[in-house]
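Participant: Before I ask anything, here is the structure I am working with.
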Amino acid sequence: MRIKKNVVVIGGGPAGMAAVISLKERGIEDIILLEKENRLGGVLSQCIHDGFGLIYYRKNYSGPEYSALYEQKIAEKEIPYLTEATVLSVRSLDAEAYRSLDAESYRSLVTVQTAEGTLEYEANAVIAATGCRERGRGLAGIPGTRPAGIYTAGTAQALINLQNFMPGRKALIVGSGDIGLIMARRITLEGGQVLCVVEKEDIPGGLKRNIIQCLEDFAIPLYTNTIVSNVYGKERVSGADISQIDAEGNVVAGSTRFYACDTLILSVGLIPEEDMVEDRHRGVFLCGNSLYVHDLVDDVTLEGEMVAGQVETFLMKLAAGQAPDETRFAYPGIETMRKKRAQLVKRKKDMARKKAETGAKTITCIMCPNSCEITYDLEGGMCGKGPEYVKNEILNPKRTLTSSVKVTGGAIPLVSVKTTNGIPKEKLMDAMKLIAELGATAPVVPGQILCKDFMEEGTDLVATKAVKRYSLDNTSEIE
Ligand SMILES: Cc1cc2nc3c(=O)[nH]c(=O)nc-3n(C[C@H](O)[C@H](O)[C@H](O)COP(=O)(O)OP(=O)(O)OC[C@H]3O[C@@H](n4cnc5c(N)ncnc54)[C@H](O)[C@@H]3O)c2cc1C
Ligand code: SF4
């Protein structure tokens, strides 16, 4: 079946959701959002930790909470969307016209696989917001076996946070990107042991705030300039060697150590997912992680909104019979992000050098991704929250705890939860034992209190997503 649409948006993650809402707010009608999973939210659904929206909203949401903001807007604005709809290809509607730059060539043909069969959409414009996939080649070229027990960080995260399945008990994490750091904390909180994180570069890849709250809080060592140099095990991983490397990437003699472990978690980078776009004709726009990999959802959201603005201009030009500009990939956000990333890396290096030179003692504020260094005299920081954070960090360090609780009778087995305020850092592991004993009965609504005065710390444990009752006709639906 072939259906005509004004704009087709592919991917129901934060980029696609922001784009489709912004299109609607700009008065653009006859649009549809297509998502291959059985729910909207993209990677946010499995990111049950907090740290989302710190810049855009100046609030600290968990992944499911951030997603719910956009899912609610989509429902309120009655924006049509299809789930379990996998886009197989996007190509110019007329390849000949495309080559001759005929106006017709701007239109696209989107082929979609749904449960009911294959659909085709003819669209004036297409926004591809299809996210990214994980690199699985972190161990390429390393001697040893490839037994069971090797997971990418995102797969391990989905298993623990969505399926209630622990991928292993004793893990070694390869790569210090944010997903690896977050998984180090998650595995530890779930009662597993993380032996160390190894990073082949000389500085860690992830945000400083994640190094502090995911590794240092749990005394998990991070070894930079270090690689996994051998993997052991027949059916299941039984251990790995790690070795230091020099500036040329050669193993330093005598530096190799063996770690007995049953799991290797690879957090070695992400690759934009945009293969289904077969020809990059005018009329196809990319945003979010399908364009380049972003650290923060805030930037992804902003880009989704900006790309909707580009589509609006494109459609206006088409309607006026003018040739649209060639700007859809030379997108201003990319340069800004690249500069920001380079500045961040430089700041990390400068800070490390200054500390080594002056011996100045500082504490890193982890309230937002800026990770400002504050001195013990409460100097420094880009906003007033820094000194307040440091005072608390010295006197009574607290952390918001995010985790999940088992659900009886739910369409999904777990509901993500968080404490409404921080609890003392040293009580985190006891808090997890208490959470393991808790249960909820479906339906569960976001904000529902699952444990009042949790740990007698004056905070409540609340649900951060909705869980519908299990039903035969709609077994997997999530509100
Ligand atoms: C583990 C992890 C932790 C993170 N932690 C933080 C954090 O603490 N704070 C923060 O600000 N940011 C964080 N981020 C970054 C941020 O969340 C991501 O950059 C952002 O979610 C990317 O959004 P996206 O919409 O581009 O991609 P995604 O969220 O990946 O969404 C892409 C969507 O497209 C769909 N799709 C793909 N291919 C097709 C197809 N062919 N047809 C139909 N649909 C398709 C996918 O199913 C998915 O739903 C984290 C990211 C990860 C991976
Ligand atoms: S002091 Fe820096 S890191 Fe802390 S909240 Fe303010 S800007 Fe963010």
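By order in the structure tokens, chains are A, B, ...; within a chain, residues start at 1; ligands start at 1, following the order shown.
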Residues at most 10 Å from A:Arg399, counting only C-alpha atoms, excluding those fewer than 4 positions away in the same chain, as number ranges by chain?
Facilitator: A: 213, 217, 393, 419, 421-428
Participant: Take the residues from that selection and write them out as a JSON list (two decimals), in the first residue's frame, keeping C-alpha atoms.
Facilitator:
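The new file out_6.json reads:
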```json
[["chain", "number", "residue", "atom", "x", "y", "z"],
["A", 213, "GLN", "CA", 29.38, 9.04, 40.91],
["A", 217, "ASP", "CA", 31.79, 6.38, 44.85],
["A", 393, "GLU", "CA", 29.89, 16.76, 49.90],
["A", 419, "THR", "CA", 14.48, 8.48, 45.49],
["A", 421, "ASN", "CA", 15.96, 13.28, 47.49],
["A", 422, "GLY", "CA", 19.50, 12.11, 48.01],
["A", 423, "ILE", "CA", 20.35, 9.46, 50.57],
["A", 424, "PRO", "CA", 23.73, 9.20, 52.32],
["A", 425, "LYS", "CA", 26.33, 7.71, 50.00],
["A", 426, "GLU", "CA", 27.35, 5.01, 52.45],
["A", 427, "LYS", "CA", 23.75, 3.74, 52.63],
["A", 428, "LEU", "CA", 23.40, 3.07, 48.89]]
```
Participant: Extract, using only C-alpha atoms, all DNA, RNA and protein residues at most 8 Å from stretch 273-288 of chain A, discarding same-chain residues fewer than 2 positions from it, and format them as a VMD selection string.
Facilitator: chain A and resid 14 to 16 87 to 92 98 105 to 108 124 to 133 271 290 to 294 299 to 301 303 to 304 307 311 314 324 326 328 to 329
Participant: Suppose you want the space between atom 22 (C, counted along the ligand's line) of ligand 1 and atom CA of A:Lys418; what is it in Å?
Facilitator: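 Computing it gives 21.6 Å between the two atoms.
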Participant: Could you jot down the atom CA of A:His49 to atom 1 (C, counted along the ligand's line) of ligand 1 separation for me, Å, one decimal place?
Facilitator: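 Atom-to-atom, atom CA of A:His49 to atom 1 (C, counted along the ligand's line) of ligand 1, that is 9.1 Å.
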Participant: Counting only C-alpha atoms and all ligand atoms, figure out which residue out of A:Ser371, A:Thr362, A:Asn230, A:Thr145 gets nearest to ligand 2.
Facilitator: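 So, comparing all the options, the nearest one is A:Ser371.
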Participant: Taking only C-alpha atoms and all ligand atoms into account, which residues are within 10 Å of ligand 2, as a list in words?
Facilitator: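 Going residue by residue within 10 Å of ligand 2, we get Leu54, Ile55, Arg58, Lys208, Arg209, Thr364, Cys365, Ile366, Met367, Cys368, Pro369, Asn370, Ser371, Cys372, Glu373, Ile374, Glu379, Gly380, Gly381, Met382, Cys383, Gly384, Lys385, Gly386, Pro387, Glu388, Tyr389 and Val390 of chain A.
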Participant: Write the residues of the selection above to a file with N, CA and C atoms, as an mmCIF file, in the first residue's frame.
Facilitator:
```cif
data_model
loop_
_atom_site.group_PDB
_atom_site.id
_atom_site.type_symbol
_atom_site.label_atom_id
_atom_site.label_comp_id
_atom_site.auth_asym_id
_atom_site.auth_seq_id
_atom_site.Cartn_x
_atom_site.Cartn_y
_atom_site.Cartn_z
ATOM 1 N N LEU A 54 19.386 18.358 32.305
ATOM 2 C CA LEU A 54 20.026 19.277 33.247
ATOM 3 C C LEU A 54 20.247 20.658 32.630
ATOM 4 N N ILE A 55 20.469 20.703 31.318
ATOM 5 C CA ILE A 55 20.738 21.989 30.678
ATOM 6 C C ILE A 55 19.454 22.554 30.059
ATOM 7 N N ARG A 58 16.916 22.473 33.091
ATOM 8 C CA ARG A 58 17.504 22.741 34.415
ATOM 9 C C ARG A 58 16.844 21.856 35.489
ATOM 10 N N LYS A 208 33.156 13.830 33.715
ATOM 11 C CA LYS A 208 33.781 13.764 35.046
ATOM 12 C C LYS A 208 32.746 13.379 36.109
ATOM 13 N N ARG A 209 31.526 13.930 35.985
ATOM 14 C CA ARG A 209 30.515 13.634 37.005
ATOM 15 C C ARG A 209 30.206 12.131 37.040
ATOM 16 N N THR A 364 35.130 18.319 42.619
ATOM 17 C CA THR A 364 34.372 18.532 41.378
ATOM 18 C C THR A 364 32.877 18.561 41.700
ATOM 19 N N CYS A 365 32.226 19.624 41.261
ATOM 20 C CA CYS A 365 30.767 19.686 41.417
ATOM 21 C C CYS A 365 30.142 18.768 40.371
ATOM 22 N N ILE A 366 29.280 17.848 40.811
ATOM 23 C CA ILE A 366 28.689 16.891 39.854
ATOM 24 C C ILE A 366 27.210 17.189 39.593
ATOM 25 N N MET A 367 26.824 18.443 39.911
ATOM 26 C CA MET A 367 25.403 18.775 39.741
ATOM 27 C C MET A 367 24.996 18.904 38.279
ATOM 28 N N CYS A 368 25.969 19.167 37.390
ATOM 29 C CA CYS A 368 25.623 19.237 35.962
ATOM 30 C C CYS A 368 26.852 18.857 35.139
ATOM 31 N N PRO A 369 26.706 18.658 33.828
ATOM 32 C CA PRO A 369 27.841 18.162 33.030
ATOM 33 C C PRO A 369 29.033 19.108 32.957
ATOM 34 N N ASN A 370 28.886 20.378 33.424
ATOM 35 C CA ASN A 370 30.039 21.282 33.369
ATOM 36 C C ASN A 370 31.167 20.829 34.288
ATOM 37 N N SER A 371 30.841 20.070 35.331
ATOM 38 C CA SER A 371 31.846 19.497 36.250
ATOM 39 C C SER A 371 32.882 20.530 36.707
ATOM 40 N N CYS A 372 32.425 21.652 37.289
ATOM 41 C CA CYS A 372 33.352 22.713 37.738
ATOM 42 C C CYS A 372 34.171 22.243 38.930
ATOM 43 N N GLU A 373 35.409 22.732 38.990
ATOM 44 C CA GLU A 373 36.273 22.425 40.133
ATOM 45 C C GLU A 373 36.104 23.544 41.169
ATOM 46 N N ILE A 374 35.805 23.188 42.423
ATOM 47 C CA ILE A 374 35.592 24.168 43.499
ATOM 48 C C ILE A 374 36.672 23.909 44.549
ATOM 49 N N GLU A 379 35.748 28.512 46.400
ATOM 50 C CA GLU A 379 35.972 29.379 45.229
ATOM 51 C C GLU A 379 35.793 28.555 43.960
ATOM 52 N N GLY A 380 35.346 29.241 42.899
ATOM 53 C CA GLY A 380 35.230 28.581 41.590
ATOM 54 C C GLY A 380 33.807 28.146 41.302
ATOM 55 N N GLY A 381 33.601 27.619 40.093
ATOM 56 C CA GLY A 381 32.261 27.173 39.705
ATOM 57 C C GLY A 381 31.569 28.206 38.848
ATOM 58 N N MET A 382 30.790 27.703 37.897
ATOM 59 C CA MET A 382 30.115 28.615 36.966
ATOM 60 C C MET A 382 28.763 29.052 37.490
ATOM 61 N N CYS A 383 28.311 28.509 38.624
ATOM 62 C CA CYS A 383 27.059 29.003 39.211
ATOM 63 C C CYS A 383 27.118 28.789 40.721
ATOM 64 N N GLY A 384 26.115 29.352 41.412
ATOM 65 C CA GLY A 384 26.121 29.328 42.880
ATOM 66 C C GLY A 384 25.924 27.950 43.483
ATOM 67 N N LYS A 385 25.530 26.969 42.658
ATOM 68 C CA LYS A 385 25.253 25.638 43.228
ATOM 69 C C LYS A 385 26.530 24.929 43.668
ATOM 70 N N GLY A 386 27.661 25.313 43.046
ATOM 71 C CA GLY A 386 28.924 24.617 43.294
ATOM 72 C C GLY A 386 29.343 24.631 44.760
ATOM 73 N N PRO A 387 29.487 25.850 45.363
ATOM 74 C CA PRO A 387 29.906 25.893 46.761
ATOM 75 C C PRO A 387 28.950 25.137 47.689
ATOM 76 N N GLU A 388 27.646 25.214 47.425
ATOM 77 C CA GLU A 388 26.649 24.506 48.235
ATOM 78 C C GLU A 388 26.873 22.995 48.135
ATOM 79 N N TYR A 389 27.145 22.560 46.905
ATOM 80 C CA TYR A 389 27.391 21.130 46.682
ATOM 81 C C TYR A 389 28.622 20.685 47.482
ATOM 82 N N VAL A 390 29.677 21.511 47.436
ATOM 83 C CA VAL A 390 30.925 21.123 48.106
ATOM 84 C C VAL A 390 30.720 21.028 49.617
#
```
Participant: From stretch 351-398 of chain A, collect each residue whose DSSP state is strand (DSSP E or B) and return the set as a ChimeraX atom specification.
Facilitator: /A:362-364,373-375,398
Participant: Which residues are near A:Glu312? Cut-off 9 Å, only C-alpha atoms, ignore same chain within fewer than 4 positions. Put them as a list of chain:residue names.
Facilitator: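 What passes the distance filter is A:Leu23, A:Arg26, A:Ile28, A:Val307, A:Ala308, A:Met316, A:Lys317.
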Participant: With distances taken over only C-alpha atoms and all ligand atoms, which of A:Ile212, A:Cys261, A:Ile79, A:Ala153 is nearest to ligand 1?
Facilitator: A:Ala153
Participant: Mind listing the helix (DSSP H, G or I) residues of stretch 171-301 of chain A, per DSSP on the backbone, as JSON, numbers by chain?
Facilitator: {"A": [178, 179, 180, 181, 182, 183, 184, 185, 186, 187, 188, 189, 208, 209, 210, 211, 212, 213, 214, 215, 216, 217, 218, 288, 289, 290, 297, 298, 299, 300, 301]}
Participant: Could you take the residues named above and write them with C-alpha atoms, as a JSON list (two decimals), in the first residue's frame?
Facilitator:
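The result, stored in out-v8.json:
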```json
[["chain", "number", "residue", "atom", "x", "y", "z"],
["A", 178, "ASP", "CA", 29.54, 7.25, 29.75],
["A", 179, "ILE", "CA", 27.62, 4.02, 29.06],
["A", 180, "GLY", "CA", 30.50, 1.93, 30.44],
["A", 181, "LEU", "CA", 30.74, 4.11, 33.56],
["A", 182, "ILE", "CA", 27.00, 3.98, 34.15],
["A", 183, "MET", "CA", 27.05, 0.20, 33.74],
["A", 184, "ALA", "CA", 29.90, -0.09, 36.28],
["A", 185, "ARG", "CA", 27.64, 1.54, 38.89],
["A", 186, "ARG", "CA", 24.56, -0.41, 37.86],
["A", 187, "ILE", "CA", 26.28, -3.81, 38.07],
["A", 188, "THR", "CA", 27.75, -2.88, 41.47],
["A", 189, "LEU", "CA", 24.40, -1.71, 42.83],
["A", 208, "LYS", "CA", 33.78, 13.76, 35.05],
["A", 209, "ARG", "CA", 30.52, 13.63, 37.00],
["A", 210, "ASN", "CA", 30.05, 10.02, 35.87],
["A", 211, "ILE", "CA", 33.61, 9.10, 36.87],
["A", 212, "ILE", "CA", 32.87, 10.40, 40.35],
["A", 213, "GLN", "CA", 29.38, 9.04, 40.91],
["A", 214, "CYS", "CA", 29.82, 5.76, 39.03],
["A", 215, "LEU", "CA", 33.43, 4.76, 39.80],
["A", 216, "GLU", "CA", 34.94, 6.75, 42.68],
["A", 217, "ASP", "CA", 31.79, 6.38, 44.85],
["A", 218, "PHE", "CA", 32.21, 2.60, 44.65],
["A", 288, "GLY", "CA", 20.25, 13.36, 16.87],
["A", 289, "ASN", "CA", 22.61, 10.39, 17.13],
["A", 290, "SER", "CA", 21.96, 9.30, 13.54],
["A", 297, "VAL", "CA", 20.00, 14.50, 25.41],
["A", 298, "ASP", "CA", 19.61, 18.28, 25.74],
["A", 299, "ASP", "CA", 21.59, 18.81, 22.51],
["A", 300, "VAL", "CA", 19.63, 16.05, 20.79],
["A", 301, "THR", "CA", 16.33, 17.73, 21.70]]
```
Participant: Closest to ligand 1 among A:Lys5, A:Lys77, A:Arg135, A:Arg257, using only C-alpha atoms and all ligand atoms?
Facilitator: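 Smallest distance to ligand 1 is found for A:Arg135.
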Participant: How far is it from atom CA of A:Ala115 to atom 22 (C, counted along the ligand's line) of ligand 1, in Å with one decimal?
Facilitator: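 Atom 22 (C, counted along the ligand's line) of ligand 1 lies 25.4 Å from atom CA of A:Ala115.
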Participant: So, counting only C-alpha atoms and all ligand atoms, which residue among A:Phe454, A:Phe165, A:Phe52, A:Tyr223 is closest to ligand 1?
Facilitator: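 Residue with the minimum atom-to-atom distance to ligand 1: A:Phe52.
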Participant: List the neighbours of A:Gly149 out to 7 Å using only C-alpha atoms; skip same-chain residues closer than 2 positions along the sequence, and give me the result as a VMD selection string.
Facilitator: chain A and resid 147 151 236 to 237 262 to 264
Participant: Just to be explicit: take each residue in the selection above, keep C-alpha atoms, and write the result as a PDB file, in the first residue's frame.
Facilitator:
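As a result, selection-v2.pdb now contains:
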```pdb
ATOM      1  CA  PRO A 147      33.277 -17.370  24.744  1.00  0.00           C
ATOM      2  CA  TYR A 151      28.359  -7.931  25.968  1.00  0.00           C
ATOM      3  CA  ARG A 236      32.151 -18.669  29.320  1.00  0.00           C
ATOM      4  CA  VAL A 237      34.724 -15.927  29.956  1.00  0.00           C
ATOM      5  CA  ASP A 262      33.011 -14.000  34.057  1.00  0.00           C
ATOM      6  CA  THR A 263      31.960 -10.960  32.015  1.00  0.00           C
ATOM      7  CA  LEU A 264      33.489  -8.376  29.701  1.00  0.00           C
TER       8      LEU A 264
END
```
Participant: Counting only C-alpha atoms, which residue out of A:Glu25, A:Glu248, A:Asp460, A:Asp430 sits closest to A:Glu305?
Facilitator: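 Checking each candidate against A:Glu305, we get A:Glu25 as the closest.
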Participant: So which one's closest to A:Cys196, A:Tyr232, A:Ala436, A:Gly249, A:Ile265? Using only C-alpha atoms, please.
Facilitator: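 Looking at the shortest contact to A:Cys196, the residue is A:Ile265.
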Participant: Hey, what's within 9 Å of A:Tyr70 if we count only C-alpha atoms and toss same-chain stuff fewer than 6 positions away? As a PDB file with C-alpha atoms, in the first residue's frame, please?
Facilitator:
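selection.pdb, written as the output of this step:
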```pdb
ATOM      1  CA  PRO A  14      14.254  12.086  21.867  1.00  0.00           C
ATOM      2  CA  MET A  17       9.932  13.090  19.220  1.00  0.00           C
ATOM      3  CA  ALA A  18      11.285  16.667  19.527  1.00  0.00           C
ATOM      4  CA  ILE A  21       6.355  17.998  18.089  1.00  0.00           C
ATOM      5  CA  GLY A  41      11.457   6.686  23.894  1.00  0.00           C
TER       6      GLY A  41
END
```
Participant: Write out as a PDB file with C-alpha atoms, in the first residue's frame which residues come within 8 Å of stretch 60-64 of chain A when counting only C-alpha atoms, dropping same-chain ones fewer than 4 positions away.
Facilitator:
```
ATOM      1  CA  GLY A  41      11.457   6.686  23.894  1.00  0.00           C
ATOM      2  CA  LEU A  44      15.842   6.673  27.119  1.00  0.00           C
ATOM      3  CA  SER A  45      13.652   3.688  28.050  1.00  0.00           C
ATOM      4  CA  GLN A  46      16.640   1.679  29.243  1.00  0.00           C
ATOM      5  CA  CYS A  47      18.497   4.644  30.830  1.00  0.00           C
ATOM      6  CA  ILE A  48      16.786   4.483  34.212  1.00  0.00           C
ATOM      7  CA  HIS A  49      19.498   6.653  35.803  1.00  0.00           C
ATOM      8  CA  ASP A  50      19.061  10.410  36.205  1.00  0.00           C
ATOM      9  CA  GLY A  51      21.071  13.169  34.502  1.00  0.00           C
ATOM     10  CA  PHE A  52      18.705  14.010  31.627  1.00  0.00           C
ATOM     11  CA  GLY A  53      17.511  17.572  30.936  1.00  0.00           C
ATOM     12  CA  LEU A  54      20.026  19.277  33.247  1.00  0.00           C
ATOM     13  CA  ALA A  68       7.369  10.756  29.175  1.00  0.00           C
ATOM     14  CA  SER A 416      12.103   2.100  37.133  1.00  0.00           C
ATOM     15  CA  THR A 464       9.537   6.928  37.159  1.00  0.00           C
ATOM     16  CA  LYS A 465       7.484   5.225  34.452  1.00  0.00           C
TER      17      LYS A 465
END
```
